[in-house]
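A.B. asks: So here's protein07.pdb, just PDB, C-alpha atoms and all ligand atoms:
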```
ATOM      1  CA  MET A 213      26.781  23.408  15.805
ATOM      2  CA  ALA A 214      25.724  26.079  13.316
ATOM      3  CA  GLY A 215      28.564  24.905  11.095
ATOM      4  CA  ALA A 216      27.281  21.338  11.135
ATOM      5  CA  PHE A 217      23.840  22.518  10.028
ATOM      6  CA  ASP A 218      25.347  24.589   7.220
ATOM      7  CA  ASP A 219      27.230  21.510   5.993
ATOM      8  CA  LEU A 220      24.073  19.409   6.105
ATOM      9  CA  TYR A 221      22.160  22.052   4.170
ATOM     10  CA  GLN A 222      24.952  22.327   1.612
ATOM     11  CA  GLU A 223      24.902  18.535   1.180
ATOM     12  CA  LEU A 224      21.139  18.539   0.577
ATOM     13  CA  ILE A 225      21.371  21.298  -2.025
ATOM     14  CA  LEU A 226      24.224  19.587  -3.879
ATOM     15  CA  ASP A 227      22.466  16.221  -3.735
ATOM     16  CA  HIS A 228      19.361  17.644  -5.429
ATOM     17  CA  TYR A 229      21.496  19.577  -7.918
ATOM     18  CA  ARG A 230      23.503  16.506  -8.927
ATOM     19  CA  LYS A 231      20.588  14.047  -8.838
ATOM     20  CA  PRO A 232      17.513  16.151  -9.574
ATOM     21  CA  ARG A 233      14.184  14.491  -8.757
ATOM     22  CA  ASN A 234      11.221  14.705 -11.136
ATOM     23  CA  ARG A 235      13.293  16.379 -13.828
ATOM     24  CA  GLY A 236      12.162  16.396 -17.454
ATOM     25  CA  PRO A 237       8.920  17.424 -19.158
ATOM     26  CA  LEU A 238       5.660  15.685 -18.289
ATOM     27  CA  GLU A 239       3.725  14.115 -21.106
ATOM     28  CA  LYS A 240       0.568  16.165 -21.676
ATOM     29  CA  PRO A 241       0.739  18.357 -18.570
ATOM     30  CA  ASP A 242      -2.427  20.214 -17.628
ATOM     31  CA  ARG A 243      -0.324  23.319 -17.148
ATOM     32  CA  SER A 244       3.230  24.287 -17.988
ATOM     33  CA  VAL A 245       4.846  27.567 -16.982
ATOM     34  CA  GLU A 246       8.321  28.669 -17.992
ATOM     35  CA  LEU A 247      10.021  31.400 -15.999
ATOM     36  CA  ASN A 248      13.363  33.112 -16.460
ATOM     37  CA  ASN A 249      15.521  34.814 -13.920
ATOM     38  CA  PRO A 250      17.533  37.267 -16.017
ATOM     39  CA  LEU A 251      19.691  38.249 -13.038
ATOM     40  CA  CYS A 252      21.352  34.836 -12.884
ATOM     41  CA  GLY A 253      20.381  33.268 -16.223
ATOM     42  CA  ASP A 254      18.234  30.558 -14.653
ATOM     43  CA  MET A 255      15.368  29.091 -16.668
ATOM     44  CA  ILE A 256      12.805  26.734 -15.215
ATOM     45  CA  SER A 257       9.647  25.159 -16.577
ATOM     46  CA  VAL A 258       7.199  23.645 -14.134
ATOM     47  CA  ASP A 259       4.797  21.043 -15.550
ATOM     48  CA  LEU A 260       1.694  20.206 -13.572
ATOM     49  CA  LYS A 261      -0.746  17.330 -13.839
ATOM     50  CA  LEU A 262      -3.885  17.657 -11.754
ATOM     51  CA  ALA A 263      -6.398  15.049 -10.652
ATOM     52  CA  GLY A 264      -9.393  16.955  -9.352
ATOM     53  CA  ASP A 265      -7.996  19.373  -6.796
ATOM     54  CA  ARG A 266      -4.856  17.323  -6.238
ATOM     55  CA  VAL A 267      -1.357  17.674  -7.694
ATOM     56  CA  GLU A 268      -1.082  14.263  -9.302
ATOM     57  CA  ASP A 269       2.372  14.922 -10.719
ATOM     58  CA  VAL A 270       4.779  17.814 -10.933
ATOM     59  CA  HIS A 271       8.012  17.948 -12.930
ATOM     60  CA  PHE A 272      10.527  20.631 -13.758
ATOM     61  CA  HIS A 273      13.058  21.172 -16.510
ATOM     62  CA  GLY A 274      15.459  23.869 -17.469
ATOM     63  CA  GLN A 275      18.899  24.986 -16.469
ATOM     64  CA  GLY A 276      20.620  27.314 -14.101
ATOM     65  CA  CYS A 277      22.613  27.561 -10.912
ATOM     66  CA  SER A 278      22.623  24.910  -8.185
ATOM     67  CA  ILE A 279      20.212  26.919  -6.020
ATOM     68  CA  SER A 280      17.542  27.287  -8.707
ATOM     69  CA  GLN A 281      17.759  23.629  -9.730
ATOM     70  CA  ALA A 282      17.906  22.220  -6.193
ATOM     71  CA  SER A 283      14.951  24.356  -5.091
ATOM     72  CA  ALA A 284      12.888  23.089  -8.057
ATOM     73  CA  SER A 285      13.854  19.474  -7.376
ATOM     74  CA  MET A 286      12.967  19.690  -3.667
ATOM     75  CA  MET A 287       9.732  21.488  -4.504
ATOM     76  CA  THR A 288       8.497  18.666  -6.765
ATOM     77  CA  VAL A 289       9.199  16.090  -4.050
ATOM     78  CA  LEU A 290       7.304  18.116  -1.455
ATOM     79  CA  LEU A 291       4.261  18.921  -3.584
ATOM     80  CA  LYS A 292       3.423  15.643  -5.288
ATOM     81  CA  GLY A 293       0.084  14.401  -3.949
ATOM     82  CA  LYS A 294      -0.765  17.646  -2.156
ATOM     83  CA  THR A 295      -4.024  19.468  -2.850
ATOM     84  CA  VAL A 296      -3.898  22.679  -4.872
ATOM     85  CA  ALA A 297      -4.733  24.634  -1.694
ATOM     86  CA  GLU A 298      -1.930  22.920   0.245
ATOM     87  CA  ALA A 299       0.526  23.568  -2.580
ATOM     88  CA  ALA A 300      -0.436  27.255  -2.629
ATOM     89  CA  ALA A 301      -0.012  27.468   1.171
ATOM     90  CA  LEU A 302       3.415  25.803   1.017
ATOM     91  CA  THR A 303       4.457  28.255  -1.707
ATOM     92  CA  LYS A 304       3.540  31.080   0.668
ATOM     93  CA  ASP A 305       5.463  29.403   3.511
ATOM     94  CA  PHE A 306       8.589  28.980   1.409
ATOM     95  CA  LYS A 307       8.554  32.524   0.047
ATOM     96  CA  ALA A 308       7.925  33.943   3.533
ATOM     97  CA  MET A 309      10.938  32.001   4.833
ATOM     98  CA  MET A 310      13.079  33.398   2.014
ATOM     99  CA  ARG A 311      12.025  36.904   3.035
ATOM    100  CA  GLY A 312      12.919  36.109   6.628
ATOM    101  CA  GLU A 313       9.301  36.377   7.754
ATOM    102  CA  GLY A 314       7.395  34.201  10.181
ATOM    103  CA  SER A 315       8.642  31.459  12.454
ATOM    104  CA  PHE A 316      11.543  29.491  11.050
ATOM    105  CA  GLU A 317      10.651  26.436  13.166
ATOM    106  CA  ALA A 318       7.033  26.424  11.971
ATOM    107  CA  ALA A 319       8.147  26.781   8.351
ATOM    108  CA  ALA A 320      10.692  23.976   8.777
ATOM    109  CA  GLU A 321       7.984  21.635  10.031
ATOM    110  CA  ARG A 322       5.928  22.168   6.888
ATOM    111  CA  ILE A 323       8.507  22.486   4.138
ATOM    112  CA  GLY A 324      11.018  19.902   5.404
ATOM    113  CA  ASP A 325      14.273  19.699   3.438
ATOM    114  CA  LEU A 326      13.609  23.055   1.810
ATOM    115  CA  VAL A 327      14.861  24.810   4.940
ATOM    116  CA  ALA A 328      18.258  23.938   3.461
ATOM    117  CA  LEU A 329      17.730  26.976   1.244
ATOM    118  CA  SER A 330      17.204  29.350   4.157
ATOM    119  CA  GLY A 331      20.915  30.251   4.076
ATOM    120  CA  VAL A 332      20.345  31.864   0.666
ATOM    121  CA  MET A 333      18.517  34.681   2.496
ATOM    122  CA  LYS A 334      21.924  36.124   3.327
ATOM    123  CA  PHE A 335      22.552  36.701  -0.386
ATOM    124  CA  PRO A 336      19.674  38.893  -1.642
ATOM    125  CA  ALA A 337      20.708  38.549  -5.303
ATOM    126  CA  ARG A 338      20.275  34.775  -5.066
ATOM    127  CA  ILE A 339      16.827  34.762  -3.456
ATOM    128  CA  LYS A 340      15.263  34.947  -6.925
ATOM    129  CA  CYS A 341      17.165  31.778  -7.836
ATOM    130  CA  ALA A 342      15.526  29.952  -4.923
ATOM    131  CA  THR A 343      12.017  31.265  -5.583
ATOM    132  CA  LEU A 344      12.022  30.902  -9.392
ATOM    133  CA  ALA A 345      10.449  27.420  -9.526
ATOM    134  CA  TRP A 346       7.932  28.458  -6.869
ATOM    135  CA  ASN A 347       6.863  31.522  -8.824
ATOM    136  CA  ALA A 348       6.374  29.316 -11.892
ATOM    137  CA  LEU A 349       4.389  26.859  -9.801
ATOM    138  CA  GLN A 350       2.247  29.649  -8.389
ATOM    139  CA  LEU A 351       1.324  30.804 -11.908
ATOM    140  CA  ALA A 352       0.512  27.212 -12.888
ATOM    141  CA  LEU A 353      -1.680  26.773  -9.801
ATOM    142  CA  GLU A 354      -3.496  29.974 -10.767
ATOM    143  CA  GLY A 355      -4.345  28.348 -14.090
ATOM    144  CA  LYS A 356      -1.758  30.031 -16.291
ATOM    145  CA  SER A 357       0.376  28.364 -18.941
ATOM    146  CA  GLY A 358       3.177  29.642 -21.115
ATOM    147  CA  LYS A 359       6.336  31.701 -20.848
ATOM    148  CA  ALA A 360       6.983  34.583 -18.507
ATOM    149  CA  SER A 361       9.889  36.560 -17.176
ATOM    150  CA  THR A 362      10.149  37.607 -13.580
ATOM    151  CA  THR A 363      12.269  39.708 -11.346
ATOM    152  CA  GLU A 364       9.859  39.063  -8.492
ATOM    153  CA  ALA A 365      11.245  37.332  -5.436
TER     154      ALA A 365
HETATM  155 ZN    ZN B 401      20.529  31.325 -10.068
END
```
As structure tokens, what does this structure read like?
Ligand code: ZN
C.D. replies:
Amino acid sequence: MAGAFDDLYQELILDHYRKPRNRGPLEKPDRSVELNNPLCGDMISVDLKLAGDRVEDVHFHGQGCSISQASASMMTVLLKGKTVAEAAALTKDFKAMMRGEGSFEAAAERIGDLVALSGVMKFPARIKCATLAWNALQLALEGKSGKASTTEA
């Protein structure tokens, strides 16, 4: 049974890697944050368009490994239409899951397909790949724009 779940998760990750959703720069984003993960060579920009306190649109662009790109793609699908507060809470949920904290079932209920990335936990060097887009998003939600480099997971 565990094997079947692993296969399903693998499928989801590859599907988002091969057919990324919401990929490409937004025209006139309210905020745009570019983050690099020097450990793996991943680069991701997250573009955010806000309407009041709501995430009207969110796109990503950049390049890197399948985990970094799939995580970014799934993140944009999950966050479109959410409020800024909800988006910040989901960022916390995802990063807690990647650290192995909290209830997996509760996290799965909120972040949906992104539980597919939970297997990455077993490979500490790759956790930064999975959290890269989320760290960029977090900076954008905090009102920052521009380029940054992170080794933070
Ligand atoms: Zn990577």
A.B. asks: Rounded to one decimal, what separation in Å do you get between atom CA of Asp242 of chain A and atom CA of Cys341 of chain A?
C.D. replies: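 Pair atom CA of Asp242 of chain A / atom CA of Cys341 of chain A returns 24.8 Å.
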A.B. asks: Rank A:Thr303, A:Ser285, A:Thr295, A:Asn347 by their smallest atom-to-atom distance to Glu246 of chain A, using all atoms listed in the file, and report the top residue only.
C.D. replies: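 Ranking A:Thr303, A:Ser285, A:Thr295, A:Asn347 by distance to Glu246 of chain A, first place goes to A:Asn347.
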A.B. asks: Interatomic distance between atom CA of Leu224 of chain A and atom CA of Val296 of chain A?
C.D. replies: 26.0 Å
A.B. asks: What is the atom CA of Glu268 of chain A-atom CA of Gly293 of chain A distance in Å, reported with one decimal?
C.D. replies: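 A separation of 5.5 Å between them.
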A.B. asks: Using the chain letters and numbers from this file, what does the PyMOL selection byres (((chain A and resi 315-323) around 12) and not hetatm) select? Give the answer as a ChimeraX atom specification.
C.D. replies: /A:283,286-291,298-299,301-314,324-331
A.B. asks: From the set A:Ala300, A:Met255, A:Leu226, A:Ile279, which residue has the shortest atom-to-atom contact distance to Leu351 of chain A, counting only C-alpha atoms?
C.D. replies: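 For Leu351 of chain A, the nearest of the candidates is A:Ala300.
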A.B. asks: Please evaluate the PyMOL selection byres (((chain A and resi 241) around 6) and not hetatm) against the structure above and give the resulting residues as a list in words.
C.D. replies: Leu238, Glu239, Lys240, Asp242, Arg243, Asp259, Leu260 and Lys261 of chain A
A.B. asks: Report the closest atom pair, with its distance in Å rounded to one decimal, for each residue of chain A that has an atom no farther than 9 Å from ligand ZN 401 (chain B); count all atoms listed in the file, sort by chain and then rising residue number, and write it as JSON lines.
C.D. replies:
```
{"residue": "A:Asn249", "atom": "CA", "partner": "B:ZN401", "partner_atom": "ZN", "distance": 7.2}
{"residue": "A:Pro250", "atom": "CA", "partner": "B:ZN401", "partner_atom": "ZN", "distance": 8.9}
{"residue": "A:Leu251", "atom": "CA", "partner": "B:ZN401", "partner_atom": "ZN", "distance": 7.6}
{"residue": "A:Cys252", "atom": "CA", "partner": "B:ZN401", "partner_atom": "ZN", "distance": 4.6}
{"residue": "A:Gly253", "atom": "CA", "partner": "B:ZN401", "partner_atom": "ZN", "distance": 6.5}
{"residue": "A:Asp254", "atom": "CA", "partner": "B:ZN401", "partner_atom": "ZN", "distance": 5.2}
{"residue": "A:Met255", "atom": "CA", "partner": "B:ZN401", "partner_atom": "ZN", "distance": 8.7}
{"residue": "A:Gly276", "atom": "CA", "partner": "B:ZN401", "partner_atom": "ZN", "distance": 5.7}
{"residue": "A:Cys277", "atom": "CA", "partner": "B:ZN401", "partner_atom": "ZN", "distance": 4.4}
{"residue": "A:Ser278", "atom": "CA", "partner": "B:ZN401", "partner_atom": "ZN", "distance": 7.0}
{"residue": "A:Ile279", "atom": "CA", "partner": "B:ZN401", "partner_atom": "ZN", "distance": 6.0}
{"residue": "A:Ser280", "atom": "CA", "partner": "B:ZN401", "partner_atom": "ZN", "distance": 5.2}
{"residue": "A:Gln281", "atom": "CA", "partner": "B:ZN401", "partner_atom": "ZN", "distance": 8.2}
{"residue": "A:Ala337", "atom": "CA", "partner": "B:ZN401", "partner_atom": "ZN", "distance": 8.7}
{"residue": "A:Arg338", "atom": "CA", "partner": "B:ZN401", "partner_atom": "ZN", "distance": 6.1}
{"residue": "A:Ile339", "atom": "CA", "partner": "B:ZN401", "partner_atom": "ZN", "distance": 8.3}
{"residue": "A:Lys340", "atom": "CA", "partner": "B:ZN401", "partner_atom": "ZN", "distance": 7.1}
{"residue": "A:Cys341", "atom": "CA", "partner": "B:ZN401", "partner_atom": "ZN", "distance": 4.1}
{"residue": "A:Ala342", "atom": "CA", "partner": "B:ZN401", "partner_atom": "ZN", "distance": 7.3}
{"residue": "A:Leu344", "atom": "CA", "partner": "B:ZN401", "partner_atom": "ZN", "distance": 8.5}
```
A.B. asks: From the options A:Leu262, A:Glu223, A:Gly274, A:Asp218, which residue's atoms come nearest to Pro237 of chain A, counting all atoms listed in the file?
C.D. replies: A:Gly274
